[in-house]
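Asks: Handing over input.cif, mmCIF, C-alpha atoms.
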data_work
#
loop_
_atom_site.label_atom_id
_atom_site.label_comp_id
_atom_site.auth_asym_id
_atom_site.auth_seq_id
_atom_site.Cartn_x
_atom_site.Cartn_y
_atom_site.Cartn_z
CA MET A 127 30.85 11.04 -1.07
CA LYS A 128 29.17 10.62 2.31
CA THR A 129 30.44 14.03 3.36
CA THR A 130 29.01 15.58 0.24
CA ARG A 131 25.62 14.00 0.84
CA LEU A 132 25.68 15.11 4.46
CA LEU A 133 26.59 18.66 3.48
CA LEU A 134 23.83 18.75 0.90
CA GLY A 135 21.33 17.42 3.39
CA LEU A 136 22.29 20.07 5.94
CA LEU A 137 21.95 22.82 3.36
CA VAL A 138 18.51 21.60 2.39
CA PHE A 139 17.49 21.34 6.04
CA ALA A 140 18.80 24.83 6.82
CA GLY A 141 17.12 26.18 3.70
CA LEU A 142 13.78 24.83 4.88
CA LEU A 143 14.20 26.11 8.42
CA LEU A 144 15.39 29.64 7.79
CA PRO A 145 12.41 31.05 5.91
CA ALA A 146 10.04 29.52 8.42
CA GLY A 147 11.95 31.14 11.25
CA ALA A 148 12.14 34.47 9.43
CA ALA A 149 8.42 34.61 8.92
CA GLU A 150 7.61 33.97 12.57
CA ASN A 151 9.08 37.12 14.09
CA THR A 152 9.04 40.80 13.33
CA HIS A 153 11.63 43.07 14.84
CA LEU A 154 10.34 46.56 15.57
CA ARG A 155 12.27 49.67 16.46
CA ALA A 156 10.63 53.00 17.30
CA ILE A 157 12.33 56.34 17.93
CA LEU A 158 10.57 59.29 19.52
CA VAL A 159 11.76 62.65 18.22
CA VAL A 160 10.71 66.24 18.65
CA ALA A 161 10.60 68.26 15.45
CA SER A 162 11.12 71.98 15.69
CA ASN A 163 11.15 74.95 13.38
CA ASP A 164 14.12 76.32 15.30
CA ARG A 165 17.55 75.53 14.09
CA GLY A 166 19.49 73.19 16.34
CA PRO A 167 22.38 70.72 16.38
CA SER A 168 22.00 67.39 14.69
CA ASP A 169 21.84 64.32 16.85
CA LYS A 170 24.14 61.47 15.81
CA ARG A 171 21.48 58.99 16.85
CA LEU A 172 19.25 60.39 14.12
CA ALA A 173 21.97 60.64 11.49
CA ALA A 174 20.47 57.85 9.42
CA TYR A 175 17.02 59.45 9.39
CA GLU A 176 17.45 63.22 9.62
CA PRO A 177 18.12 63.97 5.92
CA THR A 178 14.91 62.18 4.94
CA LEU A 179 12.98 63.76 7.81
CA ARG A 180 14.08 67.19 6.62
CA ASN A 181 12.97 66.41 3.07
CA ILE A 182 9.54 65.08 3.89
CA LEU A 183 8.54 67.01 7.06
CA ARG A 184 10.33 70.33 6.44
CA PHE A 185 11.15 71.05 10.06
CA GLU A 186 14.45 72.72 10.83
CA SER A 187 15.73 70.40 13.56
CA TYR A 188 14.99 67.03 15.17
CA ARG A 189 15.82 66.00 18.72
CA PHE A 190 16.16 62.42 19.87
CA ILE A 191 13.98 61.75 22.90
CA GLY A 192 14.11 57.99 23.29
CA GLU A 193 13.70 54.67 21.56
CA GLY A 194 12.44 51.19 22.12
CA SER A 195 12.63 47.94 20.27
CA THR A 196 11.05 44.55 20.48
CA SER A 197 10.75 41.32 18.57
CA LEU A 198 7.24 40.02 18.17
CA ALA A 199 5.76 36.88 16.78
CA VAL A 200 3.07 37.21 14.14
CA PRO A 201 0.42 37.76 15.31
CA ALA A 202 1.29 39.11 18.74
CA LYS A 203 1.04 42.24 20.87
CA GLY A 204 3.83 44.24 22.44
CA SER A 205 4.68 47.56 23.93
CA LEU A 206 7.61 49.88 23.31
CA SER A 207 8.51 52.53 25.84
CA LEU A 208 9.89 55.61 24.11
CA GLY A 209 10.65 58.02 26.92
CA GLN A 210 8.90 61.05 28.46
CA GLY A 211 5.86 58.87 29.14
CA HIS A 212 5.33 57.98 25.50
CA ARG A 213 4.81 54.40 24.44
CA LEU A 214 3.63 52.45 21.45
CA GLU A 215 1.35 49.49 21.82
CA VAL A 216 1.81 47.36 18.76
CA GLU A 217 0.02 44.38 17.36
CA THR A 218 1.59 42.48 14.50
CA GLU A 219 -1.11 41.29 12.16
CA GLU A 220 0.90 39.90 9.32
CA ALA A 221 4.46 39.93 8.12
CA ASP A 222 6.30 38.52 5.16
CA ARG A 223 9.38 39.46 3.20
CA ARG A 224 7.49 42.24 1.42
CA THR A 225 5.35 43.93 4.01
CA VAL A 226 4.94 44.35 7.75
CA HIS A 227 1.37 44.99 8.88
CA LEU A 228 1.03 46.72 12.26
CA ARG A 229 -1.80 48.00 14.39
CA VAL A 230 -0.28 50.85 16.40
CA SER A 231 -1.58 52.85 19.33
CA TRP A 232 0.54 55.80 20.46
CA PHE A 233 0.11 56.91 24.05
CA ASP A 234 1.37 59.83 26.09
CA GLY A 235 0.75 58.45 29.54
CA ASP A 236 -2.89 57.43 29.47
CA ARG A 237 -3.78 59.80 26.66
CA VAL A 238 -4.12 58.37 23.18
CA LEU A 239 -2.25 60.43 20.61
CA MET A 240 -2.92 58.28 17.57
CA ARG A 241 -4.29 54.95 16.49
CA THR A 242 -3.47 53.61 13.08
CA VAL A 243 -3.02 50.47 11.03
CA ILE A 244 -0.07 50.60 8.70
CA SER A 245 1.60 48.41 6.14
CA GLN A 246 5.25 49.17 5.58
CA ARG A 247 8.14 47.62 3.75
CA PRO A 248 10.68 45.86 5.97
CA GLY A 249 13.49 48.25 6.79
CA VAL A 250 11.73 51.29 5.33
CA PRO A 251 10.59 53.63 8.10
CA ALA A 252 7.14 54.97 8.71
CA VAL A 253 6.73 58.28 10.52
CA LEU A 254 3.83 58.89 12.84
CA GLY A 255 3.58 62.45 14.00
CA GLY A 256 1.74 65.65 14.60
CA PRO A 257 0.84 65.86 18.30
CA ALA A 258 1.87 69.27 19.54
CA ARG A 259 4.47 69.65 22.26
CA GLY A 260 4.27 73.43 22.54
CA ASN A 261 6.45 76.23 21.26
CA GLY A 262 5.81 75.15 17.70
CA GLU A 263 7.33 71.74 18.32
CA VAL A 264 5.66 68.45 17.50
CA TYR A 265 6.26 64.85 18.42
CA ALA A 266 7.01 62.24 15.82
CA VAL A 267 7.79 58.54 16.01
CA ILE A 268 9.96 56.76 13.47
CA VAL A 269 8.85 53.12 13.21
CA VAL A 270 11.03 50.58 11.47
CA GLY A 271 9.86 47.00 11.10
CA ARG A 272 11.87 44.07 9.78
CA MET B 30 51.65 -61.04 -33.53
CA GLN B 31 49.76 -59.40 -36.35
CA CYS B 32 50.83 -56.10 -37.93
CA THR B 33 47.76 -54.28 -36.55
CA GLU B 34 48.60 -55.39 -33.04
CA CYS B 35 52.21 -54.41 -33.57
CA GLU B 36 51.15 -51.00 -34.89
CA ARG B 37 48.80 -50.49 -31.93
CA LEU B 38 51.61 -51.13 -29.48
CA MET B 39 53.97 -48.97 -31.52
CA LEU B 40 51.63 -45.96 -31.35
CA GLY B 41 50.74 -46.55 -27.71
CA LYS B 42 47.08 -46.94 -28.43
CA GLY B 43 45.04 -47.98 -25.40
CA GLY B 44 47.25 -46.06 -23.04
CA VAL B 45 48.49 -49.24 -21.43
CA PRO B 46 52.19 -50.07 -21.55
CA PRO B 47 52.92 -53.48 -23.10
CA SER B 48 53.41 -56.35 -20.80
CA PRO B 49 56.78 -58.14 -20.90
CA GLY B 50 55.22 -60.85 -23.04
CA GLN B 51 53.80 -58.36 -25.49
CA ALA B 52 57.17 -56.58 -25.66
CA ALA B 53 58.86 -59.83 -26.60
CA ASP B 54 56.29 -60.64 -29.28
CA TYR B 55 56.62 -57.06 -30.54
CA ALA B 56 60.37 -57.35 -30.90
CA ALA B 57 60.03 -60.69 -32.67
CA HIS B 58 57.48 -59.28 -35.09
CA LEU B 59 59.68 -56.31 -35.95
CA ALA B 60 62.50 -58.71 -36.74
CA ASP B 61 60.28 -60.59 -39.18
CA CYS B 62 58.17 -57.69 -40.70
CA ALA B 63 59.91 -55.13 -42.89
CA ASP B 64 56.86 -52.80 -43.05
CA CYS B 65 56.55 -52.61 -39.30
CA ARG B 66 60.29 -52.19 -38.97
CA ARG B 67 60.14 -49.23 -41.45
CA LEU B 68 57.22 -47.68 -39.53
CA HIS B 69 59.12 -48.14 -36.31
CA ALA B 70 62.17 -46.42 -37.80
CA ASP B 71 60.05 -43.52 -39.10
CA LEU B 72 58.44 -43.00 -35.72
CA ALA B 73 61.84 -43.12 -34.06
CA THR B 74 63.04 -40.40 -36.41
CA VAL B 75 60.00 -38.27 -35.71
CA PHE B 76 60.44 -38.57 -31.93
CA LYS B 77 64.15 -37.84 -32.21
CA THR B 78 63.48 -34.68 -34.22
CA TRP B 79 60.74 -33.55 -31.85
CA LYS B 80 63.00 -34.13 -28.86
CA SER B 81 65.89 -32.17 -30.31
CA ASP B 82 63.57 -29.29 -31.22
CA THR B 83 61.98 -29.09 -27.80
CA GLU B 84 65.34 -29.16 -26.10
CA GLN B 85 66.38 -26.05 -27.98
CA ILE B 86 63.37 -24.07 -26.75
CA ALA B 87 64.25 -21.95 -23.70
CA VAL B 88 61.51 -22.40 -21.14
CA PRO B 89 61.36 -19.42 -18.74
CA ASP B 90 61.76 -19.95 -15.03
CA ALA B 91 58.21 -20.11 -13.79
CA VAL B 92 59.15 -19.25 -10.19
CA ALA B 93 61.17 -16.19 -11.19
CA ALA B 94 58.42 -15.08 -13.55
CA TRP B 95 55.81 -15.44 -10.78
CA ARG B 96 57.97 -13.37 -8.41
CA GLN B 97 58.02 -10.59 -10.96
CA LEU B 98 54.34 -10.82 -11.75
CA ARG B 99 52.99 -11.14 -8.22
CA PRO B 100 53.73 -7.58 -6.94
CA ALA B 101 52.17 -6.14 -10.05
CA LEU B 102 49.00 -8.12 -9.43
CA GLN B 103 48.80 -7.13 -5.75
CA SER B 104 49.18 -3.34 -6.20
CA PRO B 105 45.87 -1.64 -7.08
CA PRO B 106 45.64 -0.12 -10.50
CA ALA B 107 46.45 3.56 -10.58
CA ARG B 108 43.26 5.61 -10.58
CA VAL B 109 42.87 8.07 -13.32
CA ARG B 110 42.41 11.40 -11.61
CA HIS B 111 40.45 14.00 -13.47
CA ARG B 112 41.48 17.58 -12.99
CA LEU B 113 37.87 18.70 -12.84
CA ALA B 114 36.78 16.02 -10.35
CA PRO B 115 37.23 18.18 -7.18
CA LEU B 116 35.42 21.04 -8.90
CA PHE B 117 32.53 18.72 -9.63
CA TRP B 118 32.22 17.28 -6.15
CA ILE B 119 32.32 20.75 -4.57
CA GLY B 120 30.40 22.50 -7.27
CA ALA B 121 27.56 20.03 -7.61
CA PRO B 122 26.32 20.33 -3.99
CA LEU B 123 26.79 24.09 -4.07
CA ALA B 124 24.85 24.34 -7.31
CA ALA B 125 22.08 22.22 -5.85
CA ALA B 126 21.99 24.37 -2.72
CA ALA B 127 21.97 27.54 -4.80
CA ALA B 128 19.11 26.24 -6.90
CA LEU B 129 17.21 25.34 -3.75
CA ALA B 130 17.90 28.74 -2.22
CA LEU B 131 16.70 30.40 -5.41
CA VAL B 132 13.45 28.50 -5.18
CA ILE B 133 12.95 29.26 -1.50
CA TYR B 134 14.37 32.77 -1.36
CA ARG B 135 13.48 33.83 -4.86
CA PRO B 136 13.38 37.61 -5.09
CA ALA B 137 10.09 38.96 -3.97
CA LEU B 138 8.96 40.53 -7.18
CA PRO B 139 5.82 42.40 -6.37
CA SER B 140 2.81 41.87 -8.54
CA ALA B 141 1.15 44.87 -10.10
CA SER B 142 -1.40 45.12 -7.30
CA GLU B 143 1.23 44.66 -4.60
CA ALA B 144 3.52 47.20 -6.17
CA ALA B 145 0.64 49.63 -6.29
CA MET B 146 -0.06 49.66 -2.55
CA PRO B 147 2.33 47.70 -0.37
CA VAL B 148 2.84 50.74 1.89
CA ARG B 149 -0.26 52.34 3.29
CA ALA B 150 -2.21 53.31 6.38
CA GLU B 151 -5.60 51.65 6.44
CA PHE B 152 -6.87 53.65 9.35
CA VAL B 153 -5.84 56.76 11.28
CA GLU B 154 -7.49 58.15 14.38
CA ALA B 155 -5.99 61.11 16.19
CA GLY B 156 -6.34 61.42 19.93
CA ASN B 157 -7.23 65.07 19.48
CA PRO B 158 -10.61 65.16 17.72
CA SER B 159 -9.78 68.52 16.20
CA ALA B 160 -6.57 67.23 14.60
CA SER B 161 -6.47 66.89 10.85
CA THR B 162 -4.99 63.66 9.60
CA MET B 163 -3.19 62.89 6.42
CA VAL B 164 -1.30 59.94 5.04
CA TYR B 165 1.18 59.88 2.21
CA VAL B 166 4.16 57.93 0.92
CA ASP B 167 7.25 59.87 -0.03
CA LYS B 168 8.15 58.70 -3.51
CA ALA B 169 11.85 59.38 -3.16
CA SER B 170 12.42 57.53 0.11
CA GLY B 171 9.42 55.22 0.24
CA TRP B 172 8.72 56.37 3.80
CA LEU B 173 5.13 56.24 4.97
CA VAL B 174 4.01 59.40 6.76
CA VAL B 175 0.98 59.30 9.03
CA TRP B 176 0.32 62.77 10.37
CA ALA B 177 -2.25 64.08 12.77
CA ALA B 178 -1.62 67.80 13.00
CA ASP B 179 -3.00 69.58 16.01
CA THR B 180 -4.69 72.75 14.86
CA SER B 181 -3.22 74.51 17.88
CA SER B 182 0.37 73.77 16.83
CA ASN B 183 2.38 75.63 14.26
CA GLY B 184 2.57 72.33 12.37
CA LYS B 185 4.76 71.40 9.51
CA GLY B 186 6.60 73.70 7.34
#
Would you encode the structure as structure tokens?

Replies:
Amino acid sequence: MKTTRLLLGLLVFAGLLLPAGAAENTHLRAILVVASNDRGPSDKRLAAYEPTLRNILRFESYRFIGEGSTSLAVPAKGSLSLGQGHRLEVETEEADRRTVHLRVSWFDGDRVLMRTVISQRPGVPAVLGGPARGNGEVYAVIVVGR
Amino acid sequence: MQCTECERLMLGKGGVPPSPGQAADYAAHLADCADCRRLHADLATVFKTWKSDTEQIAVPDAVAAWRQLRPALQSPPARVRHRLAPLFWIGAPLAAAAALALVIYRPALPSASEAAMPVRAEFVEAGNPSASTMVYVDKASGWLVVWAADTSSNGKG
């Protein structure tokens, strides 16, 4: 009987702690890709995203350039280095189980490529893109928040 | 000795055994009094019958009976075990925890307003002032697309 009460107490305690802990941090992952109208090989690192990228952006191929990830408190600021001088400066404004609110600034070196404030569902990517790279290629960043 | 006194001694009233003097008077009175002698004879018959009856009753050996009874008294009574008891003691805490988890982690059912616009871009500013921006949510995947197309690029297909 004591064991049962202890077990029940631990479950209640864990149940109270977990949601509080989950709401305090947002894990962010960002992947820099180059989208091209030329056909090219698929990159395994983009396997989970490429079919959807093809459907919504209509480019022929996508190359993986780099990625960064971080875990931020809410609210908090952080930076993700994506490769080739690109980085995202991110500020978490709010996060719950339904939505992740982010203020994002995308830089190429010191040059600002985009500033935006987005609300996305946890685990459902957002794609920021459009800056030209040359030769008909454009940069895009896949942002996934949890 | 009077008959009442003789009868009192005969029945043992008072709880005090007769003194030797009283016993002698008693015996003398019985010899002289036919009524008391008849009562004495009746009582003697009653006692004789009672004694013979009690001798025929088999009284159990109290020591042997106690030896048999004592172990039974010392061993605890067998507990009635219910087949569903373990299920209850495991299931009850789990059910309580599940109910608690349901309250805490209840599925996030979006309200009508939340379902309408949980995914959005509130603000977009392209680094290139000549870029045209657009925002949309792909219905099939739910992905949010924030695009700032440079007019110099070949852009999307």

Asks: When you look at His58 of chain B with a cut-off of 8 Å (counting all atoms listed in the file), what residues show up, excluding the ones that are within fewer than 2 positions of it in the same chain? I need them as a PyMOL selection string.

Replies: chain B and resi 30-32+35+54-56+60-62+65

Asks: What does the distance between atom CA of Gly209 of chain A and atom CA of Pro257 of chain A come to in Å, to one decimal place?

Replies: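 According to the coordinates, atom CA of Gly209 of chain A and atom CA of Pro257 of chain A are separated by 15.2 Å.
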
Asks: Expand the PyMOL selection byres ((chain A) within 7 of (chain B)) into the explicit residue set it covers here, and present it as number ranges by chain.

Replies: A: 130, 134, 137-138, 141, 182-185, 224-225, 238-247, 250-258, 260, 262

Asks: Record the distance separating atom CA of Trp232 of chain A and atom CA of Val267 of chain A, expressed in Å with one decimal.

Replies: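 Pair atom CA of Trp232 of chain A / atom CA of Val267 of chain A returns 8.9 Å.
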
Asks: Can you measure atom CA of Glu219 of chain A to atom CA of Arg237 of chain A for me? One decimal in Å is fine.

Replies: 23.7 Å

Asks: Find the residue from A:Ser231, A:Ser197, A:Thr178, A:Asn261 that sits nearest to Leu154 of chain A; use only C-alpha atoms when measuring.

Replies: A:Ser197

Asks: Name every residue that the PyMOL selection byres ((chain A and resi 205) around 6) selects in this structure, writing the answer as a list in words with chains first and numbers rising.

Replies: Gly204, Leu206, Leu214, Glu215 and Val216 of chain A
